[in-house]
file target-v5.tsv (TSV, C-alpha atoms)
chain	number	residue	atom	x	y	z
A	1	MET	CA	8.31	25.69	-16.65
A	2	VAL	CA	6.28	26.58	-13.56
A	3	ARG	CA	6.90	24.26	-10.63
A	4	ARG	CA	3.76	22.63	-9.27
A	5	ARG	CA	2.90	23.54	-5.71
A	6	PRO	CA	2.38	20.66	-3.31
A	7	VAL	CA	-1.29	20.27	-2.52
A	8	ARG	CA	-1.43	17.66	0.25
A	9	PRO	CA	-0.21	18.43	3.77
A	10	ALA	CA	2.03	15.74	5.20
A	11	ARG	CA	0.10	13.68	7.72
A	12	LYS	CA	0.71	14.13	11.42
A	13	ARG	CA	1.02	10.97	13.45
A	14	VAL	CA	-1.22	9.89	16.29
A	15	PHE	CA	-0.46	6.72	18.20
A	16	ILE	CA	-3.47	4.64	19.20
A	17	GLY	CA	-2.75	1.57	21.28
A	18	THR	CA	-5.79	-0.66	21.57
A	19	GLU	CA	-6.95	-3.45	23.82
A	20	GLY	CA	-7.73	-5.78	20.92
A	21	ARG	CA	-9.18	-6.20	17.46
A	22	SER	CA	-12.53	-4.52	18.16
A	23	GLU	CA	-10.96	-1.28	19.34
A	24	ALA	CA	-8.43	-1.47	16.51
A	25	ALA	CA	-11.27	-1.80	13.99
A	26	PHE	CA	-12.85	1.27	15.56
A	27	ALA	CA	-9.57	3.16	15.19
A	28	ALA	CA	-9.30	2.02	11.55
A	29	PHE	CA	-12.85	3.33	11.06
A	30	LEU	CA	-11.69	6.69	12.45
A	31	GLN	CA	-8.68	6.62	10.09
A	32	ASP	CA	-11.00	6.19	7.14
A	33	LEU	CA	-13.12	9.13	8.33
A	34	CYS	CA	-9.95	11.21	8.72
A	35	ASN	CA	-9.00	10.41	5.13
A	36	GLU	CA	-12.48	11.11	3.86
A	37	HIS	CA	-12.62	14.48	5.63
A	38	ASP	CA	-9.05	15.52	4.77
A	39	ARG	CA	-7.83	15.62	8.37
A	40	HIS	CA	-4.27	14.78	7.25
A	41	LEU	CA	-3.61	12.41	10.13
A	42	HIS	CA	-2.01	9.02	10.23
A	43	LEU	CA	-3.31	6.89	13.04
A	44	ASP	CA	-0.58	4.47	14.00
A	45	ILE	CA	-2.79	1.72	15.38
A	46	TYR	CA	-1.34	-0.95	17.57
A	47	ILE	CA	-3.50	-4.02	18.12
A	48	GLY	CA	-2.95	-5.21	21.66
A	49	SER	CA	-3.24	-8.79	22.79
A	50	GLY	CA	-5.72	-8.12	25.60
A	51	GLY	CA	-5.21	-9.15	29.21
A	52	ALA	CA	-5.21	-7.04	32.35
A	53	PRO	CA	-5.43	-3.25	31.96
A	54	ILE	CA	-1.85	-2.80	33.19
A	55	SER	CA	-0.59	-5.22	30.51
A	56	ILE	CA	-2.60	-3.44	27.81
A	57	PHE	CA	-1.25	-0.10	28.91
A	58	LYS	CA	2.37	-1.21	29.19
A	59	GLU	CA	2.19	-2.98	25.82
A	60	SER	CA	0.86	0.22	24.24
A	61	SER	CA	3.51	2.29	25.95
A	62	LYS	CA	6.25	-0.01	24.65
A	63	ARG	CA	4.89	0.05	21.09
A	64	ARG	CA	4.68	3.82	21.22
A	65	LYS	CA	8.37	3.99	22.08
A	66	ILE	CA	9.21	1.73	19.15
A	67	GLY	CA	6.91	3.71	16.85
A	68	ARG	CA	8.65	6.95	17.77
A	69	GLY	CA	11.62	5.66	15.80
A	70	ASP	CA	9.64	6.36	12.62
A	71	GLY	CA	8.78	9.92	13.65
A	72	THR	CA	7.15	11.98	16.35
A	73	TYR	CA	3.54	11.64	17.47
A	74	VAL	CA	1.39	14.70	17.95
A	75	ALA	CA	-0.70	12.67	20.39
A	76	SER	CA	-0.74	9.21	21.92
A	77	LEU	CA	-3.76	7.33	23.18
A	78	CYS	CA	-4.45	3.97	24.76
A	79	VAL	CA	-8.01	2.72	24.29
A	80	MET	CA	-9.51	0.15	26.63
A	81	ASP	CA	-12.76	-0.83	28.38
A	82	ARG	CA	-13.79	1.27	31.37
A	83	HIS	CA	-15.54	-1.69	32.98
A	84	GLU	CA	-12.27	-3.68	33.24
A	85	PHE	CA	-10.27	-0.61	34.20
A	86	ASP	CA	-12.59	0.50	37.02
A	87	ARG	CA	-12.44	-2.84	38.79
A	88	ASP	CA	-8.71	-3.31	38.39
A	89	ALA	CA	-6.63	-3.01	41.55
A	90	ARG	CA	-3.82	-1.25	39.67
A	91	ARG	CA	-6.00	1.37	38.01
A	92	GLN	CA	-4.42	4.21	39.99
A	93	GLU	CA	-0.97	3.06	38.94
A	94	ILE	CA	-2.09	3.03	35.30
A	95	GLN	CA	-3.65	6.46	35.63
A	96	ASN	CA	-0.48	7.85	37.19
A	97	LEU	CA	1.65	6.39	34.42
A	98	ALA	CA	-0.72	7.78	31.80
A	99	ASN	CA	-0.64	11.23	33.38
A	100	ARG	CA	3.12	11.22	33.76
A	101	GLU	CA	4.35	9.59	30.55
A	102	GLY	CA	1.32	8.80	28.39
A	103	PRO	CA	-0.21	7.46	26.32
A	104	TYR	CA	-3.40	9.20	27.36
A	105	LEU	CA	-6.16	6.86	28.48
A	106	ILE	CA	-9.42	6.69	26.54
A	107	LEU	CA	-11.94	4.52	28.36
A	108	LEU	CA	-14.88	3.05	26.50
A	109	ALA	CA	-17.87	2.96	28.79
A	110	PRO	CA	-18.76	0.43	29.89
A	111	ASN	CA	-17.00	-1.42	27.07
A	112	PHE	CA	-16.69	-1.42	23.29
A	113	GLU	CA	-20.17	-2.84	22.64
A	114	GLY	CA	-21.67	-0.39	25.13
A	115	LEU	CA	-20.15	2.45	23.14
A	116	LEU	CA	-21.58	1.07	19.89
A	117	VAL	CA	-25.04	0.97	21.45
A	118	ARG	CA	-24.78	4.70	22.14
A	119	LEU	CA	-23.87	5.40	18.52
A	120	PHE	CA	-27.39	4.43	17.47
A	121	ALA	CA	-29.69	7.44	17.27
A	122	GLY	CA	-31.86	7.74	20.35
A	123	ASN	CA	-29.46	5.64	22.45
A	124	GLU	CA	-26.76	8.21	23.05
A	125	THR	CA	-27.53	8.65	26.77
A	126	ARG	CA	-28.16	5.00	27.59
A	127	GLN	CA	-26.24	3.63	30.55
A	128	ILE	CA	-26.02	-0.14	30.36
A	129	SER	CA	-23.84	-2.62	32.17
A	130	ALA	CA	-20.97	-4.41	30.47
A	131	ALA	CA	-22.70	-7.73	31.13
A	132	ILE	CA	-25.62	-6.95	28.83
A	133	ALA	CA	-23.91	-4.61	26.36
A	134	GLN	CA	-23.47	-7.21	23.66
A	135	THR	CA	-27.04	-8.47	24.03
A	136	GLU	CA	-28.39	-4.93	23.84
A	137	LEU	CA	-26.21	-4.21	20.82
A	138	ARG	CA	-27.55	-7.25	18.98
A	139	LYS	CA	-31.08	-5.92	19.42
A	140	LEU	CA	-29.99	-2.90	17.39
A	141	TRP	CA	-27.50	-4.70	15.16
A	142	PRO	CA	-28.75	-8.31	14.88
A	143	ASP	CA	-25.89	-9.66	12.77
A	144	TYR	CA	-23.13	-8.01	14.84
A	145	GLN	CA	-20.05	-10.19	15.13
A	146	LYS	CA	-17.20	-9.60	17.54
A	147	PRO	CA	-14.72	-8.30	16.59
A	148	PRO	CA	-16.39	-6.19	13.91
A	149	LEU	CA	-14.54	-5.08	10.80
A	150	ALA	CA	-13.77	-1.40	10.28
A	151	LYS	CA	-15.69	-1.73	7.02
A	152	GLU	CA	-18.79	-2.92	8.92
A	153	LEU	CA	-18.52	-0.02	11.36
A	154	LYS	CA	-18.29	2.36	8.41
A	155	GLU	CA	-21.38	0.83	6.82
A	156	ARG	CA	-23.29	1.10	10.08
A	157	PHE	CA	-22.22	4.44	11.54
A	158	SER	CA	-21.47	7.95	10.32
A	159	LEU	CA	-19.43	10.82	11.69
A	160	ALA	CA	-22.71	12.40	12.77
A	161	ASP	CA	-23.44	9.33	14.94
A	162	LEU	CA	-20.05	9.68	16.61
A	163	ARG	CA	-20.48	13.38	17.22
A	164	ARG	CA	-23.96	12.94	18.65
A	165	ALA	CA	-22.77	10.27	21.09
A	166	ALA	CA	-19.71	12.36	21.98
A	167	LEU	CA	-21.97	15.09	23.34
A	168	HIS	CA	-22.69	12.73	26.23
A	169	ASP	CA	-19.35	10.94	26.48
A	170	GLU	CA	-16.26	12.80	27.62
A	171	ASP	CA	-13.77	10.14	26.48
A	172	LEU	CA	-15.30	9.76	23.04
A	173	ASP	CA	-15.35	13.53	22.73
A	174	ARG	CA	-11.64	13.67	23.62
A	175	LEU	CA	-10.86	10.90	21.15
A	176	LEU	CA	-12.67	12.75	18.36
A	177	ARG	CA	-10.90	15.98	19.24
A	178	VAL	CA	-7.49	14.33	19.06
A	179	VAL	CA	-8.24	12.87	15.62
A	180	ARG	CA	-9.71	16.17	14.45
A	181	LEU	CA	-13.18	14.77	13.92
A	182	SER	CA	-15.12	16.62	16.63
B	1	MET	CA	-11.39	23.16	-40.65
B	2	LYS	CA	-15.12	23.67	-41.23
B	3	ALA	CA	-17.96	21.79	-39.63
B	4	ASN	CA	-18.76	19.84	-42.76
B	5	ASP	CA	-15.13	18.90	-43.40
B	6	ALA	CA	-14.94	15.26	-44.45
B	7	ARG	CA	-12.09	14.68	-42.00
B	8	ILE	CA	-14.39	15.46	-39.06
B	9	GLN	CA	-16.90	12.94	-40.34
B	10	ALA	CA	-14.12	10.34	-40.21
B	11	VAL	CA	-13.51	10.86	-36.49
B	12	ARG	CA	-14.90	8.14	-34.25
B	13	ASN	CA	-16.75	9.37	-31.18
B	14	ASN	CA	-14.75	7.03	-28.95
B	15	ALA	CA	-11.32	7.94	-30.34
B	16	SER	CA	-8.77	9.74	-28.21
B	17	PHE	CA	-7.17	13.04	-29.09
B	18	ILE	CA	-3.90	11.31	-29.93
B	19	SER	CA	-5.54	8.62	-32.01
B	20	THR	CA	-7.66	11.14	-33.90
B	21	LEU	CA	-4.77	13.40	-34.86
B	22	ALA	CA	-2.63	10.41	-35.77
B	23	HIS	CA	-5.47	9.19	-37.95
B	24	LEU	CA	-5.42	12.60	-39.64
B	25	ASN	CA	-1.70	12.09	-40.36
B	26	HIS	CA	-0.35	14.50	-37.75
B	27	PRO	CA	3.36	13.50	-37.67
B	28	LEU	CA	3.98	14.10	-33.95
B	29	MET	CA	0.80	12.29	-32.90
B	30	GLN	CA	1.60	9.45	-35.24
B	31	ALA	CA	4.94	9.10	-33.49
B	32	VAL	CA	3.25	9.21	-30.06
B	33	ARG	CA	0.65	6.65	-31.15
B	34	ASN	CA	3.31	4.33	-32.53
B	35	ASP	CA	5.32	4.64	-29.35
B	36	LEU	CA	2.29	3.87	-27.19
B	37	ALA	CA	1.31	0.97	-29.41
B	38	SER	CA	4.74	-0.60	-29.07
B	39	MET	CA	4.98	-0.18	-25.29
B	40	GLN	CA	6.00	-3.32	-23.50
B	41	SER	CA	3.70	-4.64	-20.82
B	42	ASN	CA	2.95	-7.66	-18.71
B	43	THR	CA	-0.71	-6.73	-18.62
B	44	TRP	CA	-3.54	-7.10	-21.04
B	45	HIS	CA	-6.70	-5.15	-20.28
B	46	LEU	CA	-7.07	-5.65	-16.52
B	47	ASN	CA	-5.12	-8.88	-16.21
B	48	ARG	CA	-1.50	-9.81	-15.81
B	49	LEU	CA	0.01	-11.85	-18.60
B	50	TYR	CA	1.72	-15.09	-17.70
B	51	PRO	CA	3.70	-16.22	-20.74
B	52	ASP	CA	3.91	-19.97	-21.00
B	53	LEU	CA	7.28	-21.55	-20.42
B	54	ARG	CA	7.68	-22.66	-24.04
B	55	THR	CA	7.37	-19.06	-25.24
B	56	VAL	CA	10.00	-17.92	-22.74
B	57	VAL	CA	12.45	-20.72	-23.62
B	58	ASN	CA	11.99	-20.15	-27.34
B	59	TYR	CA	12.62	-16.44	-26.89
B	60	TYR	CA	15.99	-17.14	-25.28
B	61	ILE	CA	16.80	-19.68	-28.02
B	62	ASP	CA	16.01	-17.13	-30.72
B	63	MET	CA	17.89	-14.34	-28.92
B	64	PRO	CA	21.27	-15.72	-27.82
B	65	ASP	CA	22.51	-12.24	-26.89
B	66	VAL	CA	19.69	-11.96	-24.34
B	67	LEU	CA	20.65	-15.33	-22.88
B	68	GLU	CA	24.27	-14.19	-22.71
B	69	GLN	CA	23.33	-11.02	-20.85
B	70	LEU	CA	21.11	-13.06	-18.56
B	71	GLN	CA	24.08	-15.33	-17.78
B	72	ARG	CA	26.09	-12.35	-16.63
B	73	ASP	CA	23.29	-10.73	-14.64
B	74	VAL	CA	22.13	-13.88	-12.94
B	75	ARG	CA	25.65	-14.49	-11.63
B	76	ARG	CA	25.95	-10.90	-10.49
B	77	ILE	CA	22.71	-10.68	-8.53
B	78	ASP	CA	23.75	-13.45	-6.19
B	79	VAL	CA	20.82	-15.85	-6.29
B	80	GLY	CA	23.20	-18.80	-6.07
B	81	ILE	CA	22.95	-19.59	-9.77
B	82	ASN	CA	26.15	-20.02	-11.67
B	83	GLY	CA	24.76	-20.34	-15.16
B	84	VAL	CA	21.71	-21.07	-17.27
B	85	THR	CA	21.62	-23.32	-20.28
B	86	ILE	CA	18.84	-24.47	-22.53
B	87	GLN	CA	18.64	-28.18	-23.10
B	88	GLN	CA	17.50	-29.07	-26.60
B	89	GLN	CA	16.96	-32.72	-27.50
B	90	PRO	CA	15.07	-34.28	-30.41
B	91	GLY	CA	11.50	-35.09	-29.48
B	92	VAL	CA	11.59	-33.14	-26.21
B	93	GLU	CA	10.47	-29.58	-25.57
B	94	PRO	CA	13.53	-27.42	-24.86
B	95	PHE	CA	13.94	-26.57	-21.18
B	96	PHE	CA	16.17	-24.52	-18.88
B	97	LEU	CA	18.86	-26.00	-16.71
B	98	PHE	CA	20.29	-23.97	-13.85
B	99	GLN	CA	23.76	-24.65	-12.54
B	100	HIS	CA	24.18	-23.90	-8.85
B	101	ASP	CA	27.35	-23.32	-6.89
B	102	THR	CA	26.25	-25.75	-4.23
B	103	LEU	CA	24.52	-28.47	-6.28
B	104	SER	CA	26.28	-31.17	-8.25
B	105	VAL	CA	23.38	-31.57	-10.68
B	106	PRO	CA	21.57	-28.82	-12.57
B	107	MET	CA	18.01	-27.85	-11.67
B	108	VAL	CA	15.03	-27.30	-13.98
B	109	LEU	CA	13.13	-24.00	-13.82
B	110	GLN	CA	10.22	-25.57	-11.98
B	111	GLY	CA	12.61	-26.44	-9.17
B	112	GLU	CA	13.78	-22.87	-8.81
B	113	SER	CA	12.26	-20.32	-6.47
B	114	ALA	CA	9.23	-18.28	-7.54
B	115	GLY	CA	11.52	-15.24	-7.62
B	116	THR	CA	13.94	-16.85	-10.05
B	117	GLN	CA	11.04	-17.99	-12.21
B	118	HIS	CA	9.66	-14.45	-12.26
B	119	PHE	CA	13.08	-13.04	-13.08
B	120	MET	CA	13.47	-15.42	-16.04
B	121	VAL	CA	10.12	-14.29	-17.41
B	122	MET	CA	10.64	-10.57	-16.86
B	123	PHE	CA	14.25	-10.38	-18.00
B	124	PRO	CA	13.61	-10.44	-21.80
B	125	MET	CA	11.14	-7.57	-21.51
B	126	ILE	CA	13.45	-5.47	-19.36
B	127	HIS	CA	16.39	-6.25	-21.63
B	128	TYR	CA	14.42	-5.27	-24.72
B	129	MET	CA	13.31	-1.97	-23.15
B	130	LEU	CA	16.86	-1.07	-22.11
B	131	GLN	CA	18.26	-1.92	-25.52
B	132	SER	CA	15.56	-0.26	-27.61
B	133	GLY	CA	14.61	2.66	-25.37
B	134	GLN	CA	10.97	1.53	-25.48
B	135	SER	CA	8.81	2.39	-22.52
B	136	GLY	CA	6.93	-0.27	-20.65
B	137	VAL	CA	4.23	-0.95	-18.09
B	138	TYR	CA	4.81	-3.64	-15.50
B	139	ASP	CA	2.25	-4.72	-12.95
B	140	GLU	CA	3.47	-6.24	-9.65
B	141	PHE	CA	7.09	-5.73	-10.63
B	142	ASP	CA	8.32	-6.91	-7.24
B	143	ALA	CA	6.32	-10.14	-7.07
B	144	ASP	CA	8.42	-12.84	-5.38
B	145	LEU	CA	11.62	-10.81	-5.75
B	146	HIS	CA	13.96	-9.90	-2.92
B	147	PRO	CA	13.69	-6.16	-2.08
B	148	ASP	CA	17.35	-5.60	-2.90
B	149	LEU	CA	16.97	-7.29	-6.28
B	150	VAL	CA	14.10	-4.93	-7.06
B	151	ARG	CA	16.38	-1.99	-6.22
B	152	GLU	CA	19.04	-3.44	-8.51
B	153	LEU	CA	16.57	-3.79	-11.41
B	154	LEU	CA	15.33	-0.23	-10.93
B	155	GLY	CA	18.96	0.85	-10.88
B	156	TRP	CA	19.34	-0.49	-14.41
B	157	PHE	CA	16.79	2.07	-15.59
B	158	HIS	CA	18.61	4.87	-13.77
B	159	SER	CA	21.97	3.87	-15.24
B	160	HIS	CA	23.15	5.68	-18.39
B	161	GLU	CA	25.39	2.76	-19.14
B	162	ARG	CA	22.63	0.19	-18.89
B	163	ASN	CA	19.85	2.40	-20.24
B	164	PRO	CA	21.58	4.62	-22.83
B	165	ILE	CA	18.45	5.63	-24.75
B	166	GLY	CA	16.44	6.42	-21.64
B	167	ALA	CA	13.70	3.77	-21.54
B	168	GLN	CA	11.04	4.48	-18.94
B	169	ILE	CA	9.20	1.91	-16.93
B	170	PHE	CA	5.83	2.50	-15.27
B	171	LEU	CA	5.31	-0.09	-12.61
B	172	THR	CA	3.27	-1.03	-9.59
B	173	MET	CA	4.76	-2.66	-6.52
B	174	HIS	CA	4.46	-3.03	-2.77
B	175	ASN	CA	8.18	-3.05	-2.12
B	176	VAL	CA	8.74	-0.17	0.27
B	177	ALA	CA	12.53	-0.58	0.25
B	178	ALA	CA	12.64	0.58	-3.38
B	179	LEU	CA	11.54	4.04	-2.20
B	180	GLN	CA	15.09	4.58	-1.00
B	181	ASP	CA	16.31	4.92	-4.57
B	182	LEU	CA	13.45	6.91	-6.05
B	183	GLU	CA	12.88	10.64	-6.29
B	184	LYS	CA	9.55	11.96	-5.11
B	185	GLU	CA	8.60	12.82	-8.70
B	186	GLU	CA	8.89	9.14	-9.57
B	187	VAL	CA	6.51	7.90	-6.91
B	188	PHE	CA	2.73	7.76	-6.98
B	189	LEU	CA	0.87	6.45	-3.97
B	190	VAL	CA	-2.38	4.54	-4.01
B	191	GLU	CA	-4.75	4.73	-1.06
B	192	LYS	CA	-7.93	2.72	-0.66
B	193	SER	CA	-10.93	3.67	1.42
B	194	LEU	CA	-12.92	1.13	3.40
B	195	GLU	CA	-15.47	1.20	0.58
B	196	GLY	CA	-12.72	0.21	-1.87
B	197	ALA	CA	-12.46	3.57	-3.66
B	198	THR	CA	-8.92	4.27	-4.82
B	199	THR	CA	-7.11	7.61	-4.63
B	200	ILE	CA	-3.84	8.09	-6.49
B	201	TYR	CA	-1.53	11.03	-5.86
B	202	GLY	CA	2.08	11.93	-6.39
B	203	ALA	CA	4.58	11.97	-3.55
B	204	GLN	CA	5.64	15.33	-4.96
B	205	ASP	CA	2.19	16.67	-4.04
B	206	VAL	CA	2.87	16.18	-0.32
B	207	GLU	CA	3.85	19.46	1.31
B	208	GLY	CA	7.25	19.83	2.90
B	209	LEU	CA	8.67	16.60	1.51
B	210	ARG	CA	12.38	17.29	1.23
B	211	ARG	CA	14.81	15.54	-1.06
B	212	ASP	CA	17.31	14.73	1.62
B	213	VAL	CA	15.03	12.49	3.65
B	214	SER	CA	14.33	8.83	3.08
B	215	LEU	CA	11.06	8.42	1.20
B	216	GLU	CA	10.83	4.94	2.65
B	217	ARG	CA	11.01	6.26	6.20
B	218	LYS	CA	8.51	9.01	5.46
B	219	TYR	CA	6.13	6.48	3.94
B	220	ARG	CA	6.53	4.06	6.83
B	221	SER	CA	5.86	6.88	9.28
B	222	GLY	CA	2.47	7.49	7.69
B	223	ALA	CA	3.31	11.06	6.67
B	224	LEU	CA	2.64	10.29	3.01
B	225	GLY	CA	-0.55	8.30	3.62
B	226	ALA	CA	-1.43	5.24	1.52
B	227	LEU	CA	-0.59	2.74	4.23
B	228	PRO	CA	-3.02	-0.17	4.51
B	229	ASN	CA	-5.80	0.58	7.00
B	230	ILE	CA	-6.08	-2.75	8.76
B	231	GLY	CA	-9.04	-3.31	10.99
call {"tool": "encode", "arguments": {"input": "target-v5.tsv", "output": "structure tokens"}}
result
Amino acid sequence: MVRRRPVRPARKRVFIGTEGRSEAAFAAFLQDLCNEHDRHLHLDIYIGSGGAPISIFKESSKRRKIGRGDGTYVASLCVMDRHEFDRDARRQEIQNLANREGPYLILLAPNFEGLLVRLFAGNETRQISAAIAQTELRKLWPDYQKPPLAKELKERFSLADLRRAALHDEDLDRLLRVVRLS
Amino acid sequence: MKANDARIQAVRNNASFISTLAHLNHPLMQAVRNDLASMQSNTWHLNRLYPDLRTVVNYYIDMPDVLEQLQRDVRRIDVGINGVTIQQQPGVEPFFLFQHDTLSVPMVLQGESAGTQHFMVMFPMIHYMLQSGQSGVYDEFDADLHPDLVRELLGWFHSHERNPIGAQIFLTMHNVAALQDLEKEEVFLVEKSLEGATTIYGAQDVEGLRRDVSLERKYRSGALGALPNIG
């Protein structure tokens, strides 16, 4: 009898620590795209409990250490809002830690809702403040609820939307590269 | 066989290959059909079957050897039960009584844990399969059961002593711990997309999956996929 050859590559692991449920839903949306496009990645998503950027980062870092017990990560990311990060007194400390030990920082500019605005066609270069991001998003997505579900993000946006926005967003571009969706 | 053969005219357009050949008296396919028809299952169409308590009690009354085996197994699996009897009184439906090590009075089935209740219902089917060599399909095998008890029950099917004729069970479960005792050829993984589409694939189809690693650990790590995508 001829032995069947395995046909599915084992999935590589990527750690994604997130600020909260919105960013985690976004990561789950990326996981679904990875599955759909046969990227053979497992995104180990940690849902953070919010708070100051240093807390979010340290929480992610701790979870990454615990997660390493199940296997190695090919990459590790920590996703949080740029708006909060930029005005935080300890941002340099966070950046140094990220550079030295990881996880790598992915900053959503100015925040999660601001990123979603730029995913809509024609809005990819818009620069809006964090204060009005949610209001502006609701003009494009009237029934948007925070935090969104990954399923809702999938219904609303495509990989093409992400790639178009990534052309004007270095962090999003890096995120897509890491998860093999660029 | 020619196109106008009367046997072809007798074939239904919604009949399977097996059913058709069995209908045409093919001995092997008749055997396969009979085997499939007598498969044990706790499902009917798309639903799980929940036998009523009276049916379960009466089964044990009619099959004292099954009750005897149950007595032995229930003491062995350490659920704190020391014995099971069936109370039969005139004018009253027969009912189970469970003797516990730590209770001075016996307990009725309704007072037992959901796991014990499930075990009482599933035991006759498992026992019958192991005794007869019949295959079976069991949905949500691990419902309400302790992970180690699930491993024990699966062990019965792997045991030549307990399963001398080689009954096979096809089951669904969420109990990851059971992966420790399974070979990759025995495991099929189910992954759902955000749209709800389901993909099923064998663990053996995953490249580089060695036999000397824990399938449970590999699954938990995400290397095999099919983890819930929560978000």
call {"tool": "interface_residues", "arguments": {"input": "target-v5.tsv", "of": "chain A", "to": "chain B", "cutoff": "7 Å", "atoms": "only C-alpha atoms", "output": "ChimeraX atom specification"}}
result
/A:6-13,24-25,28,32,42,70-71,149-151
call {"tool": "residues_around", "arguments": {"input": "target-v5.tsv", "residues": "Leu30 of chain A", "least_positions_apart": "5", "cutoff": "9 Å", "atoms": "all atoms listed in the file", "output": "list of chain:residue names"}}
result
A:Ala25, A:Asn35, A:Leu43, A:Ala150, A:Lys154, A:Leu159, A:Leu176, A:Val179, A:Leu181
call {"tool": "residues_around", "arguments": {"input": "target-v5.tsv", "residues": "segment 120-132 of chain A", "least_positions_apart": "4", "cutoff": "7 Å", "atoms": "all atoms listed in the file", "output": "list in words"}}
result
His83, Pro110, Asn111, Gly114, Glu136, Asp161, Ala165 and His168 of chain A
call {"tool": "residues_around", "arguments": {"input": "target-v5.tsv", "residues": "Ala178 of chain B", "least_positions_apart": "5", "cutoff": "7 Å", "atoms": "all atoms listed in the file", "output": "VMD selection string"}}
result
chain B and resid 147 150 to 151
call {"tool": "atom_distance", "arguments": {"input": "target-v5.tsv", "atom1": "atom CA of Pro148 of chain A", "atom2": "atom CA of Ser60 of chain A"}}
result
21.1 Å
call {"tool": "atom_distance", "arguments": {"input": "target-v5.tsv", "atom1": "atom CA of Gly20 of chain A", "atom2": "atom CA of Ala133 of chain A"}}
result
17.1 Å
call {"tool": "residues_around", "arguments": {"input": "target-v5.tsv", "residues": "Leu175 of chain A", "least_positions_apart": "6", "cutoff": "12 Å", "atoms": "all atoms listed in the file", "output": "count of residues only"}}
result
24
call {"tool": "residues_near_point", "arguments": {"input": "target-v5.tsv", "point": "(-5.7, 6.0, -26.8)", "cutoff": "12 Å", "atoms": "all atoms listed in the file", "output": "ChimeraX atom specification"}}
result
/B:14-23,29-30,32-37
call {"tool": "closest_residue", "arguments": {"input": "target-v5.tsv", "among": "B:Asp144, B:Glu183, B:Glu93, B:Glu152", "to": "Arg211 of chain B", "atoms": "all atoms listed in the file"}}
result
B:Glu183
call {"tool": "closest_residue", "arguments": {"input": "target-v5.tsv", "among": "B:Met122, B:Met63, B:Leu49, B:Leu24", "to": "Leu153 of chain B", "atoms": "only C-alpha atoms"}}
result
B:Met122
call {"tool": "atom_distance", "arguments": {"input": "target-v5.tsv", "atom1": "atom CA of Leu109 of chain B", "atom2": "atom CA of Leu97 of chain B"}}
result
6.7 Å
call {"tool": "closest_residue", "arguments": {"input": "target-v5.tsv", "among": "A:Glu36, A:Ser158, A:Ser49, A:Gln95", "to": "Thr199 of chain B", "atoms": "all atoms listed in the file"}}
result
A:Glu36
call {"tool": "residues_near_point", "arguments": {"input": "target-v5.tsv", "point": "(15.6, -3.2, -29.5)", "cutoff": "12 Å", "atoms": "all atoms listed in the file", "output": "NGL selection string"}}
result
:B and (38-40 or 63 or 65-66 or 124-135 or 163-165 or 167)
call {"tool": "residues_around", "arguments": {"input": "target-v5.tsv", "residues": "segment 84-89 of chain A", "least_positions_apart": "3", "cutoff": "9 Å", "atoms": "only C-alpha atoms", "output": "ChimeraX atom specification"}}
result
/A:52-54,80-81,92-93,107,110-111
call {"tool": "closest_residue", "arguments": {"input": "target-v5.tsv", "among": "B:Asn25, B:His158, B:Ile200, B:Asp139", "to": "Thr172 of chain B", "atoms": "only C-alpha atoms"}}
result
B:Asp139
call {"tool": "build_atoms", "arguments": {"input": "target-v5.tsv", "residues": "segment 128-137 of chain A", "atoms": "N, CA and C atoms", "output": "PDB file, keeping the file's coordinate frame"}}
result
ATOM      1  N   ILE A 128     -25.772   1.289  30.195  1.00  0.00           N
ATOM      2  CA  ILE A 128     -26.020  -0.140  30.360  1.00  0.00           C
ATOM      3  C   ILE A 128     -24.779  -0.797  30.957  1.00  0.00           C
ATOM      4  N   SER A 129     -24.994  -1.943  31.556  1.00  0.00           N
ATOM      5  CA  SER A 129     -23.840  -2.620  32.170  1.00  0.00           C
ATOM      6  C   SER A 129     -23.077  -3.395  31.115  1.00  0.00           C
ATOM      7  N   ALA A 130     -21.817  -3.666  31.409  1.00  0.00           N
ATOM      8  CA  ALA A 130     -20.970  -4.410  30.470  1.00  0.00           C
ATOM      9  C   ALA A 130     -21.543  -5.798  30.210  1.00  0.00           C
ATOM     10  N   ALA A 131     -22.185  -6.363  31.236  1.00  0.00           N
ATOM     11  CA  ALA A 131     -22.700  -7.730  31.130  1.00  0.00           C
ATOM     12  C   ALA A 131     -23.757  -7.869  30.034  1.00  0.00           C
ATOM     13  N   ILE A 132     -24.538  -6.831  29.823  1.00  0.00           N
ATOM     14  CA  ILE A 132     -25.620  -6.950  28.830  1.00  0.00           C
ATOM     15  C   ILE A 132     -25.351  -6.122  27.568  1.00  0.00           C
ATOM     16  N   ALA A 133     -24.190  -5.517  27.490  1.00  0.00           N
ATOM     17  CA  ALA A 133     -23.910  -4.610  26.360  1.00  0.00           C
ATOM     18  C   ALA A 133     -24.016  -5.313  25.013  1.00  0.00           C
ATOM     19  N   GLN A 134     -23.455  -6.518  24.955  1.00  0.00           N
ATOM     20  CA  GLN A 134     -23.470  -7.210  23.660  1.00  0.00           C
ATOM     21  C   GLN A 134     -24.892  -7.637  23.278  1.00  0.00           C
ATOM     22  N   THR A 135     -25.652  -8.081  24.279  1.00  0.00           N
ATOM     23  CA  THR A 135     -27.040  -8.470  24.030  1.00  0.00           C
ATOM     24  C   THR A 135     -27.850  -7.267  23.556  1.00  0.00           C
ATOM     25  N   GLU A 136     -27.662  -6.148  24.219  1.00  0.00           N
ATOM     26  CA  GLU A 136     -28.390  -4.930  23.840  1.00  0.00           C
ATOM     27  C   GLU A 136     -27.972  -4.472  22.440  1.00  0.00           C
ATOM     28  N   LEU A 137     -26.687  -4.627  22.146  1.00  0.00           N
ATOM     29  CA  LEU A 137     -26.210  -4.210  20.820  1.00  0.00           C
ATOM     30  C   LEU A 137     -26.847  -5.062  19.733  1.00  0.00           C
TER      31      LEU A 137
END
